[in-house]
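Visitor: File final-v3.csv below, CSV, C-alpha atoms:
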```csv
chain,number,residue,atom,x,y,z
A,230,MET,CA,32.2,-3.3,12.7
A,231,THR,CA,32.0,-4.3,16.3
A,232,ARG,CA,31.8,-7.9,17.6
A,233,VAL,CA,28.1,-7.6,18.4
A,234,GLN,CA,27.4,-6.3,14.9
A,235,ARG,CA,29.3,-9.2,13.3
A,236,TYR,CA,27.2,-11.7,15.3
A,237,ARG,CA,24.0,-10.0,14.2
A,238,LEU,CA,25.2,-10.0,10.6
A,239,ILE,CA,26.0,-13.8,10.9
A,240,GLY,CA,22.6,-14.4,12.5
A,241,VAL,CA,20.7,-12.5,9.7
A,242,VAL,CA,22.7,-14.3,7.0
A,243,CYS,CA,22.1,-17.7,8.6
A,244,VAL,CA,18.4,-17.2,9.0
A,245,VAL,CA,18.0,-16.0,5.4
A,246,ALA,CA,20.2,-18.8,4.0
A,247,GLY,CA,18.4,-21.4,6.0
A,248,LEU,CA,15.1,-20.2,4.8
A,249,GLY,CA,16.3,-20.1,1.2
A,250,VAL,CA,17.5,-23.7,1.5
A,251,ALA,CA,14.2,-24.7,3.1
A,252,ALA,CA,12.3,-23.0,0.3
A,253,LEU,CA,14.5,-24.7,-2.3
A,254,LEU,CA,13.9,-28.2,-0.8
A,255,ALA,CA,10.2,-27.6,-0.5
A,256,SER,CA,9.9,-26.4,-4.1
A,257,GLN,CA,11.8,-29.6,-5.2
A,258,ALA,CA,9.6,-31.9,-3.0
A,259,PHE,CA,6.4,-30.2,-4.2
A,260,ARG,CA,7.5,-29.6,-7.7
A,261,GLU,CA,4.6,-31.5,-9.2
A,262,ASN,CA,2.1,-29.6,-7.0
A,263,LEU,CA,3.6,-26.2,-7.9
A,264,MET,CA,3.0,-26.9,-11.6
A,265,TYR,CA,-0.2,-25.3,-12.7
A,266,PHE,CA,-0.8,-28.0,-15.4
A,267,TYR,CA,0.4,-31.2,-16.8
A,268,THR,CA,1.7,-31.4,-20.4
A,269,PRO,CA,0.7,-34.0,-23.0
A,270,SER,CA,4.0,-35.7,-22.4
A,271,ASP,CA,3.2,-36.1,-18.7
A,272,LEU,CA,-0.2,-37.7,-19.4
A,273,LEU,CA,1.1,-40.1,-22.0
A,274,ALA,CA,4.2,-41.1,-20.0
A,275,ALA,CA,2.3,-41.7,-16.7
A,276,GLU,CA,1.6,-45.3,-15.8
A,277,SER,CA,-1.7,-44.3,-14.4
A,278,VAL,CA,-3.3,-40.9,-14.5
A,279,PRO,CA,-5.5,-40.3,-11.4
A,280,ASP,CA,-9.2,-40.2,-12.1
A,281,ARG,CA,-9.8,-36.7,-10.9
A,282,ARG,CA,-10.0,-33.2,-12.4
A,283,LEU,CA,-6.6,-32.0,-13.5
A,284,ARG,CA,-5.2,-29.4,-15.9
A,285,LEU,CA,-3.6,-30.0,-19.2
A,286,GLY,CA,-1.5,-27.3,-20.9
A,287,GLY,CA,-0.1,-27.0,-24.4
A,288,MET,CA,-0.4,-25.5,-27.8
A,289,VAL,CA,-3.5,-25.9,-29.9
A,290,GLU,CA,-2.2,-27.8,-32.9
A,291,ALA,CA,-2.7,-25.9,-36.2
A,292,GLY,CA,-5.5,-27.4,-38.3
A,293,SER,CA,-6.8,-29.5,-35.5
A,294,VAL,CA,-9.9,-27.6,-34.4
A,295,GLN,CA,-13.2,-29.2,-35.3
A,296,ARG,CA,-16.5,-27.7,-34.4
A,297,GLY,CA,-19.3,-30.1,-33.5
A,298,GLU,CA,-22.9,-29.5,-32.8
A,299,GLY,CA,-23.7,-26.4,-30.8
A,300,LEU,CA,-20.7,-25.4,-28.6
A,301,VAL,CA,-18.9,-28.8,-28.9
A,302,VAL,CA,-15.4,-28.4,-30.1
A,303,GLY,CA,-12.5,-30.9,-30.5
A,304,PHE,CA,-8.9,-30.1,-30.9
A,305,VAL,CA,-5.4,-31.4,-30.4
A,306,VAL,CA,-3.1,-30.0,-27.7
A,307,ALA,CA,0.6,-30.5,-28.1
A,308,ASP,CA,3.9,-29.7,-26.3
A,309,CYS,CA,7.3,-30.1,-27.9
A,310,ALA,CA,7.1,-33.9,-28.0
A,311,GLN,CA,3.6,-35.3,-27.7
A,312,ALA,CA,0.0,-34.4,-28.5
A,313,VAL,CA,-3.4,-35.4,-27.1
A,314,ALA,CA,-7.0,-35.0,-28.3
A,315,VAL,CA,-9.2,-32.7,-26.2
A,316,GLU,CA,-13.0,-32.4,-26.2
A,317,TYR,CA,-14.8,-29.4,-24.8
A,318,GLU,CA,-18.3,-28.1,-24.7
A,319,GLY,CA,-18.6,-24.4,-23.8
A,320,ILE,CA,-17.5,-20.9,-24.7
A,321,LEU,CA,-13.9,-20.5,-25.6
A,322,PRO,CA,-11.8,-17.5,-24.5
A,323,ASP,CA,-11.2,-14.7,-27.1
A,324,LEU,CA,-7.5,-15.6,-27.5
A,325,PHE,CA,-8.3,-19.3,-28.3
A,326,ARG,CA,-7.0,-20.0,-31.8
A,327,GLU,CA,-4.8,-22.5,-33.5
A,328,GLY,CA,-1.1,-22.2,-32.5
A,329,GLN,CA,-2.2,-20.6,-29.2
A,330,GLY,CA,-1.2,-21.9,-25.7
A,331,ILE,CA,-4.1,-23.0,-23.6
A,332,VAL,CA,-4.8,-24.6,-20.2
A,333,ALA,CA,-7.8,-27.0,-20.1
A,334,MET,CA,-9.4,-28.3,-16.9
A,335,GLY,CA,-11.0,-31.7,-17.0
A,336,ARG,CA,-10.6,-35.4,-16.8
A,337,TRP,CA,-8.2,-37.8,-18.6
A,338,GLN,CA,-9.8,-40.9,-20.2
A,339,THR,CA,-7.5,-43.7,-21.1
A,340,GLU,CA,-9.7,-45.7,-23.4
A,341,ALA,CA,-9.0,-45.5,-27.2
A,342,GLY,CA,-5.6,-44.1,-26.9
A,343,GLY,CA,-6.6,-41.4,-24.4
A,344,ARG,CA,-8.7,-38.3,-24.6
A,345,PHE,CA,-9.0,-35.3,-22.4
A,346,ILE,CA,-12.6,-34.2,-21.6
A,347,ALA,CA,-12.4,-30.5,-20.7
A,348,ASP,CA,-15.0,-28.5,-18.8
A,349,GLU,CA,-13.0,-25.3,-18.7
A,350,VAL,CA,-10.5,-23.8,-21.2
A,351,LEU,CA,-8.2,-20.8,-20.4
A,352,ALA,CA,-6.0,-19.1,-22.9
A,353,LYS,CA,-2.3,-18.9,-22.0
A,354,HIS,CA,-0.8,-15.8,-23.6
A,355,ASP,CA,2.9,-15.7,-24.3
A,356,GLU,CA,5.4,-12.9,-23.5
A,357,ASN,CA,5.6,-11.6,-27.1
A,358,TYR,CA,4.1,-8.3,-28.0
A,359,MET,CA,4.1,-6.8,-31.5
A,360,PRO,CA,2.0,-4.7,-33.8
A,361,PRO,CA,-0.3,-6.6,-36.3
A,362,ASP,CA,1.7,-5.9,-39.5
A,363,LEU,CA,4.9,-7.2,-38.0
A,364,ALA,CA,3.1,-10.3,-36.7
A,365,GLU,CA,1.8,-11.0,-40.2
A,366,ALA,CA,5.3,-10.9,-41.6
A,367,MET,CA,6.7,-13.1,-38.8
A,368,MET,CA,3.8,-15.6,-38.5
A,369,SER,CA,5.0,-17.9,-41.4
A,370,GLU,CA,8.4,-18.6,-39.8
A,371,THR,CA,7.7,-18.7,-36.1
A,372,GLY,CA,4.2,-18.8,-34.8
A,373,HIS,CA,4.4,-19.8,-31.2
A,374,ALA,CA,7.0,-21.6,-29.1
A,375,CYS,CA,6.5,-24.7,-27.1
A,376,GLU,CA,9.1,-23.9,-24.5
A,377,PRO,CA,6.7,-22.5,-21.9
A,378,PHE,CA,5.3,-25.9,-21.4
A,379,LYS,CA,7.5,-27.6,-18.8
A,380,SER,CA,6.9,-31.2,-17.9
A,381,ALA,CA,5.5,-31.6,-14.4
A,382,MET,CA,6.9,-35.1,-13.9
A,383,GLU,CA,10.6,-35.7,-13.7
A,384,VAL,CA,10.6,-38.8,-15.9
A,385,SER,CA,9.3,-37.2,-19.1
A,386,ALA,CA,11.3,-34.0,-18.3
A,387,VAL,CA,14.5,-36.0,-18.5
A,388,ARG,CA,13.4,-37.8,-21.6
A,389,ARG,CA,12.5,-34.6,-23.3
A,390,ASP,CA,15.7,-32.8,-22.3
A,391,ALA,CA,17.6,-35.7,-23.8
A,392,GLY,CA,15.5,-35.3,-27.0
A,393,ALA,CA,16.2,-31.6,-27.1
A,394,VAL,CA,19.9,-32.2,-26.8
A,395,ASN,CA,19.7,-34.6,-29.7
A,396,ASP,CA,17.8,-32.1,-31.8
A,397,ARG,CA,20.6,-29.6,-31.5
B,247,MET,CA,32.5,9.2,0.1
B,248,TRP,CA,32.1,7.3,3.4
B,249,THR,CA,32.0,10.4,5.5
B,250,TRP,CA,29.2,11.7,3.2
B,251,PHE,CA,27.5,8.4,3.7
B,252,HIS,CA,27.8,8.5,7.4
B,253,ARG,CA,26.6,12.0,7.6
B,254,LEU,CA,23.6,11.1,5.5
B,255,ALA,CA,22.7,8.5,8.1
B,256,SER,CA,22.1,11.1,10.7
B,257,PRO,CA,18.4,12.1,10.8
B,258,PRO,CA,18.7,15.9,10.4
B,259,SER,CA,21.0,15.7,7.4
B,260,PHE,CA,18.9,13.0,5.8
B,261,PHE,CA,15.8,15.2,6.4
B,262,ARG,CA,17.5,18.1,4.6
B,263,PHE,CA,18.8,15.9,1.8
B,264,ALA,CA,15.3,14.3,1.2
B,265,ASP,CA,13.7,17.8,1.4
B,266,ARG,CA,15.9,19.0,-1.4
B,267,LEU,CA,15.8,15.8,-3.5
B,268,ALA,CA,12.1,15.0,-3.3
B,269,PRO,CA,10.6,17.8,-5.4
B,270,TRP,CA,12.9,17.0,-8.3
B,271,VAL,CA,12.4,13.3,-8.1
B,272,GLY,CA,8.6,13.7,-7.8
B,273,GLY,CA,8.4,16.3,-10.6
B,274,LEU,CA,10.5,14.4,-13.0
B,275,GLY,CA,8.5,11.2,-12.2
B,276,PHE,CA,5.2,13.0,-12.8
B,277,VAL,CA,6.3,14.5,-16.1
B,278,LEU,CA,7.7,11.1,-17.3
B,279,LEU,CA,4.6,9.3,-16.3
B,280,ALA,CA,2.4,11.7,-18.2
B,281,ILE,CA,4.7,11.2,-21.3
B,282,GLY,CA,4.9,7.4,-20.9
B,283,TRP,CA,1.1,6.9,-20.4
B,284,THR,CA,0.1,9.2,-23.2
B,285,TRP,CA,2.6,7.5,-25.5
B,286,GLY,CA,1.7,4.0,-24.4
B,287,LEU,CA,-2.0,4.4,-24.1
B,288,VAL,CA,-2.6,6.5,-27.2
B,289,TYR,CA,0.3,6.4,-29.7
B,290,ALA,CA,1.8,2.9,-29.3
B,291,PRO,CA,0.5,0.4,-31.9
B,292,PRO,CA,-2.1,-2.2,-30.8
B,293,ASP,CA,-1.0,-5.7,-30.2
B,294,TYR,CA,-1.5,-8.3,-33.0
B,295,GLN,CA,-3.5,-10.6,-30.7
B,296,GLN,CA,-4.8,-8.6,-27.7
B,297,GLY,CA,-5.6,-5.4,-29.6
B,298,ASP,CA,-5.8,-2.5,-27.2
B,299,ALA,CA,-6.1,-4.7,-24.1
B,300,PHE,CA,-2.3,-5.1,-24.0
B,301,ARG,CA,-2.0,-1.4,-23.0
B,302,ILE,CA,-2.5,-2.4,-19.3
B,303,ILE,CA,1.1,-3.4,-19.5
B,304,TYR,CA,2.0,0.2,-19.1
B,305,VAL,CA,0.5,0.1,-15.6
B,306,HIS,CA,0.9,-3.5,-14.6
B,307,VAL,CA,4.5,-4.2,-15.4
B,308,PRO,CA,6.0,-1.0,-13.8
B,309,ALA,CA,3.9,-1.7,-10.7
B,310,ALA,CA,5.0,-5.3,-10.5
B,311,ALA,CA,8.7,-4.5,-11.1
B,312,LEU,CA,8.6,-1.8,-8.4
B,313,SER,CA,6.7,-4.0,-5.9
B,314,LEU,CA,9.7,-6.4,-6.1
B,315,GLY,CA,12.2,-3.6,-6.1
B,316,LEU,CA,10.7,-1.9,-3.1
B,317,TYR,CA,10.5,-5.2,-1.2
B,318,THR,CA,14.2,-5.8,-1.9
B,319,GLY,CA,15.0,-2.3,-0.7
B,320,MET,CA,12.8,-2.8,2.4
B,321,ALA,CA,14.6,-6.0,3.2
B,322,ILE,CA,18.1,-4.4,2.8
B,323,ALA,CA,17.0,-1.5,5.1
B,324,GLY,CA,15.6,-4.1,7.5
B,325,ALA,CA,18.9,-5.9,7.6
B,326,CYS,CA,20.7,-2.6,8.3
B,327,ALA,CA,18.2,-1.9,11.1
B,328,LEU,CA,18.8,-5.3,12.6
B,329,ILE,CA,22.6,-5.5,12.3
B,330,TRP,CA,23.7,-1.9,12.9
B,331,ARG,CA,20.6,-0.6,14.8
B,332,MET,CA,20.4,2.3,12.4
B,333,LYS,CA,17.5,4.6,13.2
B,334,LEU,CA,17.3,5.9,9.7
B,335,ALA,CA,17.2,2.3,8.2
B,336,GLU,CA,14.2,1.6,10.4
B,337,VAL,CA,12.5,4.7,9.2
B,338,VAL,CA,13.2,4.1,5.5
B,339,MET,CA,12.0,0.5,5.8
B,340,LEU,CA,8.7,1.5,7.4
B,341,ALA,CA,8.4,4.2,4.8
B,342,MET,CA,8.8,1.7,1.9
B,343,ALA,CA,6.2,-0.8,3.2
B,344,PRO,CA,2.9,1.1,2.3
B,345,VAL,CA,4.2,2.3,-1.1
B,346,GLY,CA,5.2,-1.3,-1.9
B,347,MET,CA,1.9,-2.6,-0.7
B,348,VAL,CA,-0.1,-0.2,-2.9
B,349,LEU,CA,2.0,-1.1,-6.0
B,350,THR,CA,1.5,-4.8,-5.2
B,351,ALA,CA,-2.2,-4.3,-5.0
B,352,VAL,CA,-2.2,-2.3,-8.3
B,353,THR,CA,-0.3,-5.2,-9.9
B,354,LEU,CA,-2.8,-7.8,-8.7
B,355,LEU,CA,-5.8,-5.7,-9.6
B,356,THR,CA,-4.6,-4.7,-13.1
B,357,GLY,CA,-3.6,-8.3,-13.7
B,358,MET,CA,-7.1,-9.5,-12.8
B,359,LEU,CA,-8.7,-6.9,-15.1
B,360,TRP,CA,-6.5,-8.2,-17.9
B,361,GLY,CA,-6.8,-11.9,-17.0
B,362,LYS,CA,-10.6,-12.0,-17.3
B,363,PRO,CA,-10.8,-11.0,-21.0
B,364,MET,CA,-7.5,-12.6,-22.0
B,365,TRP,CA,-7.2,-15.9,-20.0
B,366,GLY,CA,-10.9,-16.2,-19.3
B,367,ALA,CA,-10.5,-16.1,-15.5
B,368,TRP,CA,-10.1,-13.3,-13.0
B,369,TRP,CA,-7.8,-15.3,-10.8
B,370,VAL,CA,-6.0,-18.6,-10.9
B,371,TRP,CA,-3.8,-20.2,-8.2
B,372,ASP,CA,-0.7,-20.5,-10.3
B,373,ALA,CA,2.8,-20.0,-8.9
B,374,ARG,CA,3.3,-16.4,-10.1
B,375,LEU,CA,-0.1,-15.1,-8.9
B,376,THR,CA,0.1,-16.9,-5.6
B,377,ALA,CA,3.6,-15.7,-4.8
B,378,GLU,CA,2.6,-12.1,-5.6
B,379,LEU,CA,-0.3,-12.4,-3.2
B,380,VAL,CA,2.1,-13.6,-0.6
B,381,LEU,CA,4.2,-10.5,-1.3
B,382,LEU,CA,1.1,-8.4,-0.5
B,383,PHE,CA,0.7,-10.1,2.9
B,384,LEU,CA,4.4,-9.6,3.7
B,385,PHE,CA,4.1,-5.9,3.1
B,386,LEU,CA,0.9,-5.9,5.2
B,387,GLY,CA,2.8,-7.7,8.0
B,388,VAL,CA,5.6,-5.2,8.0
B,389,ILE,CA,3.1,-2.3,8.1
B,390,VAL,CA,1.1,-3.8,10.9
B,391,LEU,CA,4.0,-5.0,13.1
B,392,GLY,CA,5.9,-1.7,12.4
B,393,ASP,CA,3.5,0.2,14.6
B,394,ALA,CA,2.3,-2.6,16.9
B,395,ILE,CA,4.7,-2.2,19.9
B,396,GLU,CA,4.8,0.9,22.0
B,397,ASP,CA,8.5,1.3,21.7
B,398,PRO,CA,9.0,2.4,18.1
B,399,ARG,CA,12.5,1.0,17.9
B,400,ARG,CA,11.5,-2.5,19.1
B,401,SER,CA,8.5,-2.4,16.8
B,402,ALA,CA,10.6,-1.5,13.8
B,403,ARG,CA,13.0,-4.3,14.5
B,404,ALA,CA,10.2,-6.9,14.8
B,405,ALA,CA,8.9,-5.7,11.4
B,406,ALA,CA,12.5,-5.8,10.1
B,407,TRP,CA,12.5,-9.6,10.7
B,408,ILE,CA,9.5,-10.1,8.5
B,409,ALA,CA,11.0,-7.9,5.8
B,410,VAL,CA,14.3,-9.8,5.9
B,411,VAL,CA,12.8,-13.3,6.1
B,412,GLY,CA,10.3,-12.5,3.3
B,413,ILE,CA,13.1,-11.7,0.8
B,414,VAL,CA,13.0,-15.5,0.0
B,415,ASN,CA,9.7,-14.8,-1.8
B,416,VAL,CA,11.2,-12.2,-4.2
B,417,PRO,CA,13.1,-14.6,-6.4
B,418,ILE,CA,10.1,-17.0,-6.2
B,419,VAL,CA,7.9,-14.3,-7.7
B,420,LYS,CA,10.4,-13.3,-10.4
B,421,PHE,CA,11.4,-16.8,-11.5
B,422,SER,CA,8.1,-18.7,-10.8
B,423,VAL,CA,7.3,-18.5,-14.5
B,424,ASN,CA,10.6,-20.1,-15.5
B,425,TRP,CA,10.8,-22.8,-12.8
B,426,TRP,CA,7.2,-24.1,-13.0
B,427,ASN,CA,4.3,-24.2,-15.4
B,428,SER,CA,2.1,-21.3,-14.9
B,429,LEU,CA,-0.8,-19.6,-16.7
B,430,HIS,CA,1.1,-16.3,-16.4
B,431,GLN,CA,3.5,-15.6,-19.3
B,432,GLY,CA,7.2,-15.3,-19.0
B,433,ALA,CA,9.2,-12.1,-18.6
B,434,THR,CA,8.9,-9.7,-21.5
B,435,VAL,CA,11.1,-6.8,-20.4
B,436,LEU,CA,13.7,-8.1,-18.0
B,437,SER,CA,14.4,-11.3,-19.9
B,438,PHE,CA,17.7,-12.3,-21.3
B,439,GLY,CA,18.3,-12.6,-25.0
B,440,LYS,CA,16.0,-10.9,-27.5
B,441,PRO,CA,13.4,-8.6,-26.1
B,442,ALA,CA,10.0,-10.0,-26.6
B,443,ILE,CA,8.4,-6.7,-27.4
B,444,THR,CA,8.9,-4.4,-30.4
B,445,VAL,CA,10.8,-1.1,-29.9
B,446,ASP,CA,7.8,1.2,-30.5
B,447,MET,CA,5.9,-0.6,-27.7
B,448,ALA,CA,8.9,-1.0,-25.4
B,449,ILE,CA,10.1,2.7,-25.2
B,450,PRO,CA,7.0,4.0,-23.5
B,451,LEU,CA,7.2,1.0,-21.2
B,452,TYR,CA,10.7,1.9,-20.2
B,453,ILE,CA,9.6,5.5,-19.6
B,454,CYS,CA,6.7,4.3,-17.5
B,455,LEU,CA,9.1,2.0,-15.5
B,456,LEU,CA,11.4,4.9,-14.8
B,457,ALA,CA,8.5,7.2,-14.0
B,458,THR,CA,7.0,4.8,-11.5
B,459,ALA,CA,10.4,4.2,-9.9
B,460,LEU,CA,10.8,8.0,-9.4
B,461,LEU,CA,7.3,8.5,-8.1
B,462,ALA,CA,7.8,5.6,-5.7
B,463,ALA,CA,11.1,7.1,-4.5
B,464,HIS,CA,9.3,10.4,-4.0
B,465,ALA,CA,6.7,8.8,-1.9
B,466,VAL,CA,9.3,6.9,0.2
B,467,LEU,CA,11.4,10.1,0.8
B,468,ARG,CA,8.3,12.1,1.9
B,469,ARG,CA,7.1,9.2,4.1
B,470,ALA,CA,10.5,8.9,5.7
B,471,GLN,CA,10.6,12.6,6.4
B,472,VAL,CA,7.2,12.5,8.2
B,473,ARG,CA,8.3,9.5,10.2
B,474,LEU,CA,11.6,11.2,11.2
B,475,LEU,CA,9.7,14.3,12.4
B,476,GLN,CA,7.3,12.2,14.5
B,477,ARG,CA,10.1,10.1,16.0
B,478,GLU,CA,12.5,13.0,16.6
B,479,ALA,CA,9.8,15.5,17.7
B,480,ARG,CA,11.6,16.2,21.0
B,481,THR,CA,15.1,16.7,19.6
B,482,GLN,CA,16.8,20.0,19.1
B,483,TRP,CA,16.9,19.9,15.3
B,484,VAL,CA,13.2,19.3,14.9
B,485,LYS,CA,12.4,22.1,17.4
B,486,ALA,CA,14.8,24.4,15.5
B,487,LEU,CA,13.1,23.5,12.2
B,488,ARG,CA,9.7,24.1,13.6
B,489,ALA,CA,10.7,27.5,14.9
B,490,GLN,CA,12.2,28.3,11.5
B,491,GLU,CA,9.0,27.2,9.7
B,492,LEU,CA,6.8,29.1,12.1
B,493,GLY,CA,9.0,32.2,11.7
B,494,ALA,CA,8.6,32.0,7.9
B,495,LEU,CA,4.9,32.2,8.1
B,496,PRO,CA,3.5,35.7,7.5
```
Would you mind writing the file's structure down as structure tokens?
Guide:
Amino acid sequence: MTRVQRYRLIGVVCVVAGLGVAALLASQAFRENLMYFYTPSDLLAAESVPDRRLRLGGMVEAGSVQRGEGLVVGFVVADCAQAVAVEYEGILPDLFREGQGIVAMGRWQTEAGGRFIADEVLAKHDENYMPPDLAEAMMSETGHACEPFKSAMEVSAVRRDAGAVNDR
Amino acid sequence: MWTWFHRLASPPSFFRFADRLAPWVGGLGFVLLAIGWTWGLVYAPPDYQQGDAFRIIYVHVPAAALSLGLYTGMAIAGACALIWRMKLAEVVMLAMAPVGMVLTAVTLLTGMLWGKPMWGAWWVWDARLTAELVLLFLFLGVIVLGDAIEDPRRSARAAAWIAVVGIVNVPIVKFSVNWWNSLHQGATVLSFGKPAITVDMAIPLYICLLATALLAAHAVLRRAQVRLLQREARTQWVKALRAQELGALP
């Protein structure tokens, strides 16, 4: 390798490393903005939730779905630690069911312990694929995992990590 | 081994090497894709939740994996072009860009087709989808800049900078689902620990992955050959090759 080639190599490595660090710092600084949704833990831990449309993600708690008049439906969305009540009026996606991950778009209302008024519900599919007979056999023991729901805010993330360590 | 490697880097020997390799790679890829798709789309069992809709995995996942793989290859070739001014690296880099862009577009389109019925939305701006869209624009940038300047070597080096710089985006695409909340699910195939897919669904998926990789390699080899011929049109070996080809015609 000649001297010029070595300088070019160092140049390329420096540029890529610099950009990598910049991307890392940016992703740390904008962590909350890069999160697609907040978790129930985030909403309950926050001192004040902004009064604007935001997304809430979590599992639909088993046995919590209650159908009201027409298309009104209420259910509880939970992550590994906390749960909040959600109200929604509209058509639910096909994959919506109890134990399924969902992402709801709407507003957080603090009164009466807090409720989430959703105007849009998306299903969040997990990474598991299996044929129906196997799923039936496994359903009783596992169902779905709550790990894909990461806390968007550092405070509750730390608290939940501590909790997870204790559980082990 | 190194002498072989150095010899391969010369345009005429790469051309002959690619010419001999390409039909085998392409043929095997075609056969494997036919097997993988038939197996996956017809014989694999339906998913317990998604039913038959999950079968888009046999197109979507190989395309997505190869879009990242081709980008990584393109960035490595770009770095070689920048550091060692290798003519062949420039050609291979520019040959990879359109193939990668098509596979990225396939990834985005099949994902949208799946997202509407499963998630309830064609498109969402979560980290995974957005980063894959950025990947599409990076490929597009390399393609456009690669032929933008009159001097092909300067043009290729300008494009190589985009390719090298954009490599930062590849781990972001891959790990976005682990680092942040996203609507997109986590990794099924290339995840550590237990595979998240049963064997009878996974085998055709692996076949499709291999087949897509081979077909992409075939496309890259052929594109590189064409680019080499265009660039080296005035050299002795291309003239000799042309005379030989013309002589072979009846």
Visitor: Give me the residues within 12 Å of Ile449 in chain B as a tab-separated table (two decimals) with C-alpha atoms, keeping the file's coordinate frame, counting only C-alpha atoms and dropping any in the same chain fewer than 2 places off.
Guide:
```
chain	number	residue	atom	x	y	z
B	278	LEU	CA	7.70	11.10	-17.30
B	281	ILE	CA	4.70	11.20	-21.30
B	282	GLY	CA	4.90	7.40	-20.90
B	283	TRP	CA	1.10	6.90	-20.40
B	285	TRP	CA	2.60	7.50	-25.50
B	286	GLY	CA	1.70	4.00	-24.40
B	289	TYR	CA	0.30	6.40	-29.70
B	290	ALA	CA	1.80	2.90	-29.30
B	291	PRO	CA	0.50	0.40	-31.90
B	304	TYR	CA	2.00	0.20	-19.10
B	435	VAL	CA	11.10	-6.80	-20.40
B	441	PRO	CA	13.40	-8.60	-26.10
B	443	ILE	CA	8.40	-6.70	-27.40
B	444	THR	CA	8.90	-4.40	-30.40
B	445	VAL	CA	10.80	-1.10	-29.90
B	446	ASP	CA	7.80	1.20	-30.50
B	447	MET	CA	5.90	-0.60	-27.70
B	451	LEU	CA	7.20	1.00	-21.20
B	452	TYR	CA	10.70	1.90	-20.20
B	453	ILE	CA	9.60	5.50	-19.60
B	454	CYS	CA	6.70	4.30	-17.50
B	455	LEU	CA	9.10	2.00	-15.50
B	456	LEU	CA	11.40	4.90	-14.80
```
Visitor: CA of Leu386 in chain B to CA of Ala325 in chain B: how many Å, to one decimal?
Guide: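 CA of Ala325 in chain B lies 18.2 Å from CA of Leu386 in chain B.
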Visitor: What gap, in Å, lies between CA of Met347 in chain B and CA of Gln471 in chain B?
Guide: 18.9 Å
Visitor: Could you build a table of the residues in chain A lying no more than 8 Å from chain B, giving for each the nearest pair of atoms and their separation in Å rounded to one decimal place, using only C-alpha atoms, ordered by chain and ascending residue number, as JSON lines?
Guide:
```
{"residue": "A:Gln234", "atom": "CA", "partner": "B:Ile329", "partner_atom": "CA", "distance": 5.5}
{"residue": "A:Arg235", "atom": "CA", "partner": "B:Ile329", "partner_atom": "CA", "distance": 7.7}
{"residue": "A:Arg237", "atom": "CA", "partner": "B:Ile329", "partner_atom": "CA", "distance": 5.1}
{"residue": "A:Leu238", "atom": "CA", "partner": "B:Ile329", "partner_atom": "CA", "distance": 5.5}
{"residue": "A:Val241", "atom": "CA", "partner": "B:Ala325", "partner_atom": "CA", "distance": 7.2}
{"residue": "A:Val244", "atom": "CA", "partner": "B:Val411", "partner_atom": "CA", "distance": 7.4}
{"residue": "A:Val245", "atom": "CA", "partner": "B:Val411", "partner_atom": "CA", "distance": 5.9}
{"residue": "A:Leu248", "atom": "CA", "partner": "B:Val414", "partner_atom": "CA", "distance": 7.0}
{"residue": "A:Gly249", "atom": "CA", "partner": "B:Val414", "partner_atom": "CA", "distance": 5.8}
{"residue": "A:Ala252", "atom": "CA", "partner": "B:Val414", "partner_atom": "CA", "distance": 7.5}
{"residue": "A:Arg260", "atom": "CA", "partner": "B:Trp426", "partner_atom": "CA", "distance": 7.6}
{"residue": "A:Leu263", "atom": "CA", "partner": "B:Ala373", "partner_atom": "CA", "distance": 6.3}
{"residue": "A:Met264", "atom": "CA", "partner": "B:Asn427", "partner_atom": "CA", "distance": 4.8}
{"residue": "A:Tyr265", "atom": "CA", "partner": "B:Ser428", "partner_atom": "CA", "distance": 5.1}
{"residue": "A:Phe266", "atom": "CA", "partner": "B:Asn427", "partner_atom": "CA", "distance": 6.4}
{"residue": "A:Pro322", "atom": "CA", "partner": "B:Gly366", "partner_atom": "CA", "distance": 5.4}
{"residue": "A:Asp323", "atom": "CA", "partner": "B:Met364", "partner_atom": "CA", "distance": 6.6}
{"residue": "A:Leu324", "atom": "CA", "partner": "B:Met364", "partner_atom": "CA", "distance": 6.3}
{"residue": "A:Val332", "atom": "CA", "partner": "B:Leu429", "partner_atom": "CA", "distance": 7.3}
{"residue": "A:Val350", "atom": "CA", "partner": "B:Gly366", "partner_atom": "CA", "distance": 7.8}
{"residue": "A:Leu351", "atom": "CA", "partner": "B:Trp365", "partner_atom": "CA", "distance": 5.0}
{"residue": "A:Ala352", "atom": "CA", "partner": "B:Trp365", "partner_atom": "CA", "distance": 4.5}
{"residue": "A:Lys353", "atom": "CA", "partner": "B:Leu429", "partner_atom": "CA", "distance": 5.6}
{"residue": "A:His354", "atom": "CA", "partner": "B:Gln431", "partner_atom": "CA", "distance": 6.1}
{"residue": "A:Asp355", "atom": "CA", "partner": "B:Gln431", "partner_atom": "CA", "distance": 5.0}
{"residue": "A:Glu356", "atom": "CA", "partner": "B:Thr434", "partner_atom": "CA", "distance": 5.1}
{"residue": "A:Asn357", "atom": "CA", "partner": "B:Ala442", "partner_atom": "CA", "distance": 4.7}
{"residue": "A:Tyr358", "atom": "CA", "partner": "B:Ile443", "partner_atom": "CA", "distance": 4.6}
{"residue": "A:Met359", "atom": "CA", "partner": "B:Asp293", "partner_atom": "CA", "distance": 5.4}
{"residue": "A:Pro360", "atom": "CA", "partner": "B:Asp293", "partner_atom": "CA", "distance": 4.8}
{"residue": "A:Pro361", "atom": "CA", "partner": "B:Tyr294", "partner_atom": "CA", "distance": 3.9}
{"residue": "A:Asp362", "atom": "CA", "partner": "B:Tyr294", "partner_atom": "CA", "distance": 7.6}
{"residue": "A:Ala364", "atom": "CA", "partner": "B:Tyr294", "partner_atom": "CA", "distance": 6.2}
{"residue": "A:Pro377", "atom": "CA", "partner": "B:Asn427", "partner_atom": "CA", "distance": 7.1}
{"residue": "A:Phe378", "atom": "CA", "partner": "B:Asn427", "partner_atom": "CA", "distance": 6.3}
{"residue": "A:Lys379", "atom": "CA", "partner": "B:Asn427", "partner_atom": "CA", "distance": 5.8}
{"residue": "A:Ser380", "atom": "CA", "partner": "B:Asn427", "partner_atom": "CA", "distance": 7.9}
{"residue": "A:Ala381", "atom": "CA", "partner": "B:Asn427", "partner_atom": "CA", "distance": 7.6}
```
